[in-house]
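Visitor: Got a structure for you, written out below as structure tokens; questions coming shortly.
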Amino acid sequence: MYDAPHTERDVDQQDIKISARKVQVYYGTTHAIKDVDCDIEDKTVTAFIGPSGCGKSTFLRCLNRMNDTIDVCRVEGDISIDGEDIYDKRVDPVQLRAKVGMVFQKPNPFPKSIYDNIAYGPRIHGLAKNKADLDEIVEKSLRRGAIWDEVKDRLDAPGTGLSGGQQQRLCIARAVATEPEVLLMDEPCSALDPIATSQVEELIDELRQDYSVVIVTHSMQQAARVSQKTAFFHLGNLVEFGDTGKIFTNPVDSRTESYITGRIG
Amino acid sequence: MPVIWLIVIVLALAVAGFILGRTRAMQSAGGDRRHLHSLPTYYGSNVALKAAVPAILLMVVWLVAQPFYVNSVVSGMIPDSAVADGSSRGLVLAEVRRAADGLDNAVALGAISEEFARNARADFTDVTTRLKEAGQIVTTQITQPVLRAAQKYRVMNATGNMIMSGVVILIALLGIFWGLRETNKDFRARNVVEKSVLALLIAAASIAVLTTVGIVLSLIFNTIEFFRLYPASEFFGSLTWSPSFGGGSELGVLPLLWGTFYISLVALIVAVPIGLFAAVYLSEYASKPVRSFAKPMLEVLAGIPTIVYGLFALLTIGPMLLSAFGPDGTGWMSGQRAVVTAGLAMGIMLIPFVSSLSDDIINAVPQAMRDGSYGLGATKSETIKQVILPAALPGIVGAVLLATSRAIGETMIVVLGAGAAARLSLNPFEAMTTVTAKIVSQLTGDSDFASPEALVAFALGMTLFIMTLGLNVFALYIVRKYREQYD
């Protein structure tokens with residue numbers, strides 16, 4: 001199943017965008033992430049795979065400090081974006097999250113119009129000088145989210161009235177509207193049907209032109225299809241991290257092999 | 001036999017029926033419960049239900065019907081001459097019942113014998129003295145017709161009760177027999193029990209609905225009676241409220257409605273912002289320990305009886321306002337009873353309503369909404385202002401409307417805090433009164449239910465009922481509309 005010729009895939013040598021060293025995460029007394037070292041490259045899609053509860057979503061949420069909103073969660077170690085420690089006291093997590101956008105597992109459009117959903121981020125960050133400017137940002141983001149043609153005639157309709165796949169693309173467009181540098185996606189296709197999934201996957205591939213994309217997925221086919229780098233997590237450890245083609249065809253660690261061949265998970 | 005013993009006997013029969021039914025079912029299955037259609041307890045319950053339910057229903061009907069029958073018979077025994085001028089047959093009948101009770105008690109105490117109590121030729125003066133000696137209250141001399149009627153009343157009731165006991169126990173036994181007859185291993189006892197549970201639930205629901213209908217009907221008839229005596233155009237159009245039981249009263253509802261509206265408005269101006277902000281703090285900012293302490297504390301406010309709020313308004317808020325706005329201060333306020341006094345107290349009372357409901361509604365906004373907003377780099381207050389409150393708004397409006405109907409229906413705080421003067425004025429520092437407070441004052445004391453001054457209370461109640469009903473329906477409509485949004 002995984003004998004597709006990924007080894008041929010060309011991976012450009014890129015700058016390191018996010019660098020994580022010795023990251024530990026605790027939920028109360030539970031040690032959820034153990035000693036994770038990971039370098040995420042710019043203009044690359046990095047996939048996190050692994051069985052449920054292995055810590056991949058937790059690690060993803062460390063990258064934009066979303067874990068701060070959970071009371072019992074504690075993060076140790078260094079994570080830096082472009083060489084700046086994001087857990088430094090001087091860093092405002094709110095500003096950080098504008099720079100590191102996030103798309104969630106379940107499409108979560110606000111109960112507002114499609115236009116207001118997209119304009120939400122630009123408005124709170126003051127990205128638009130005037131209404132025309134904002135209109136332009138909204139259109140550009142919806143185009144980037146590959147949903148413009150479907151919604152351009154009903155921007156005033158509520159975002160919650162769209163189909164699941166459209167909602168998820170709306171959420172991606174919403175994340176793109178604040179012009180982030182990194183886009184984190186937490187199982188973005190798990191609530192979508194195969195057609196919507198392939199639309200979102202195409203979109204992820206396009207987004208790679210401008211952003212560093214990190215995607216958590218349960219589908220190994222998806223990881224193989226969209227990513228250039230893959231990280232395999234197991235029981236809170238980062239077991240193996242490398243080029244997607246190599247992970248899927250010639251894994252070093254026996255646990256990785258067991259997982260991708262379906263023996264554990 | 002006292003009714004309580006009859007009930008105990010029927011229940012004992014039901015228990016016996018349960019055990020018999022269970023045993024019989026097990027026997028029919030050859031002692032192996034796996035061959036039964038239902039669990040053995042269902043067979044037992046089926047028999048028990050058939051024993052108890054028809055018997056107890058019959059008893060209830062009998063207990064309701066017997067007094068009517070006995071009364072009509074006894075009433076026929078009293079000649080018209082025995083009904084004194086200025087009295088009525090109902091009063092004489094009450095006398096009969098008292099005499100009968102007196103005889104009962106005297107017999108129970110052993111002061112007179114059963115034969116004496118039944119002796120149709122007994123002299124009424126003798127009976128009166130004997131009863132008085134036995135310590136039974138006899139208001140006047142018992143007259144001969146009353147004594148006769150009382151004796152008949154006793155006898156009829158005693159026979160009636162005896163027959164009832166017999167019939168009820170017979171029905172219970174027949175029920176057991178019926179239940180046992182149909183008990184065999186293929187009988188679907190589980191489905192029968194399920195149906196009776198359904199019947200119980202339907203009965204409970206219909207009692208609630210029928211009571212509402214009953215309340216409305218009792219209001220409607222008296223309201224119609226009122227409008228027969230007093231023109232509706234005056235009631236809804238007149239600007240004066242000055243009832244006088246001597247006649248010539250003006251009963252305009254407008255000053256009362258205005259007072260109700262004004263005091264509720266002040267209360268809502270106090271309660272809505274405070275309650276809402278408290279809810280936002282508790283649901284979004286407060287840490288777990290603070291929340292687990294502060295929320296019950298806030299809800300304690302809802303448990304305080306309104307009369308206590310009334311005292312608080314009268315003794316604390318009123319004097320405080322008077323010292324600031326009274327003759328020594330700005331001079332707007334002449335007495336401590338005023339719209340603001342009652343409005344403030346009522347507002348404090350409503351805070352937990354608004355905060356508790358809003359808190360639940362804000363918590364019901366999915367976490368995904370918050371995550372989405374935080375993920376875009378919004379701060380907490382931006383998220384609350386632009387995502388959570390708009391999403392929760394219909395629910396919050398529902399909470400405010402429910403609080404409004406509470407405010408409109410409030411009485412004690414108004415009586416103590418706002419005074420009793422019905423007045424149309426814009427000055428919130430003046431005393432005013434509300435519809436509810438006036439209903440109380442129109443019906444307190446000796447009221448003649450044939451005069452418009454007393455009947456107006458029902459028209460006021462009806463007005464209030466329609467207003468709050470409308471508000472509640474509107475609130476429910478909005479809350480329901482909100483529910484559809486995330487489900």
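Chain labels follow the order of the structure tokens: the first chain is A, the next B, and so on; residue numbering restarts at 1 in every chain, and ligands are counted from 1 in their shown order.
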Extract, using only C-alpha atoms, all DNA, RNA and protein residues at most 12 Å from B:Ile220, discarding same-chain residues fewer than 2 positions from it, and format them as an MDAnalysis selection string.

Guide: chainID B and resid 213:218 222:227 455:463 465:466

Visitor: Please provide as a ChimeraX atom specification all residues within 12 Å of A:Asp193, with the sequence filter that same-chain residues fewer than 2 positions apart are discarded (counting only C-alpha atoms).

Guide: /A:163-166,168,188-191,195-200

Visitor: Any idea which chain A residues end up within 9 Å of chain B if we count only C-alpha atoms, as a VMD selection string please?

Guide: chain A and resid 64 66 69 71 93 to 104 106 to 112 120 to 121 124 to 125 160 171 174 to 175 178

Visitor: Counting only C-alpha atoms, what is within 12 Å of B:Arg148, bar same-chain residues fewer than 5 positions away, as a ChimeraX atom specification?

Guide: /B:74-79,82,93,95-97,99-100,103,117-124,127,142-143,153-155

Visitor: Store the residues of this selection in a file with C-alpha atoms, as a PDB file, in the first residue's frame.

Guide:
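Written out: out.pdb:
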```pdb
ATOM      1  CA  VAL B  74     -79.544  14.990  54.407  1.00  0.00           C
ATOM      2  CA  SER B  75     -80.380  18.336  52.874  1.00  0.00           C
ATOM      3  CA  GLY B  76     -83.761  16.930  51.861  1.00  0.00           C
ATOM      4  CA  MET B  77     -84.467  16.093  55.501  1.00  0.00           C
ATOM      5  CA  ILE B  78     -84.215  19.665  56.667  1.00  0.00           C
ATOM      6  CA  PRO B  79     -87.518  21.514  56.283  1.00  0.00           C
ATOM      7  CA  ALA B  82     -85.491  25.085  59.955  1.00  0.00           C
ATOM      8  CA  LEU B  93     -75.753  21.705  56.716  1.00  0.00           C
ATOM      9  CA  GLU B  95     -74.215  22.702  61.609  1.00  0.00           C
ATOM     10  CA  VAL B  96     -75.383  19.173  60.841  1.00  0.00           C
ATOM     11  CA  ARG B  97     -71.869  18.093  60.018  1.00  0.00           C
ATOM     12  CA  ALA B  99     -73.167  17.896  65.291  1.00  0.00           C
ATOM     13  CA  ALA B 100     -72.390  14.603  63.589  1.00  0.00           C
ATOM     14  CA  LEU B 103     -71.484  12.730  68.219  1.00  0.00           C
ATOM     15  CA  ALA B 117     -76.048   8.494  69.488  1.00  0.00           C
ATOM     16  CA  ARG B 118     -78.330   6.592  67.141  1.00  0.00           C
ATOM     17  CA  ASN B 119     -81.468   6.928  69.238  1.00  0.00           C
ATOM     18  CA  ALA B 120     -83.909   8.678  66.972  1.00  0.00           C
ATOM     19  CA  ARG B 121     -86.149   9.607  69.855  1.00  0.00           C
ATOM     20  CA  ALA B 122     -83.395  11.279  71.873  1.00  0.00           C
ATOM     21  CA  ASP B 123     -84.222  14.739  73.083  1.00  0.00           C
ATOM     22  CA  PHE B 124     -82.125  17.457  71.455  1.00  0.00           C
ATOM     23  CA  VAL B 127     -77.939  15.629  73.476  1.00  0.00           C
ATOM     24  CA  ILE B 142     -78.987  21.657  68.388  1.00  0.00           C
ATOM     25  CA  THR B 143     -82.523  21.707  67.047  1.00  0.00           C
ATOM     26  CA  TYR B 153     -75.616  11.744  58.290  1.00  0.00           C
ATOM     27  CA  ARG B 154     -73.619   9.573  60.671  1.00  0.00           C
ATOM     28  CA  VAL B 155     -75.447   6.428  59.766  1.00  0.00           C
TER      29      VAL B 155
END
```

Visitor: Can you pull out every residue from stretch 184-401 of chain B that DSSP, working from the backbone, puts in alpha helix (DSSP H), and format the result as a PyMOL selection string?

Guide: chain B and resi 189-229+232-237+254-280+288-303+306-312+318-325+339-364+367-375+380-383+389-401
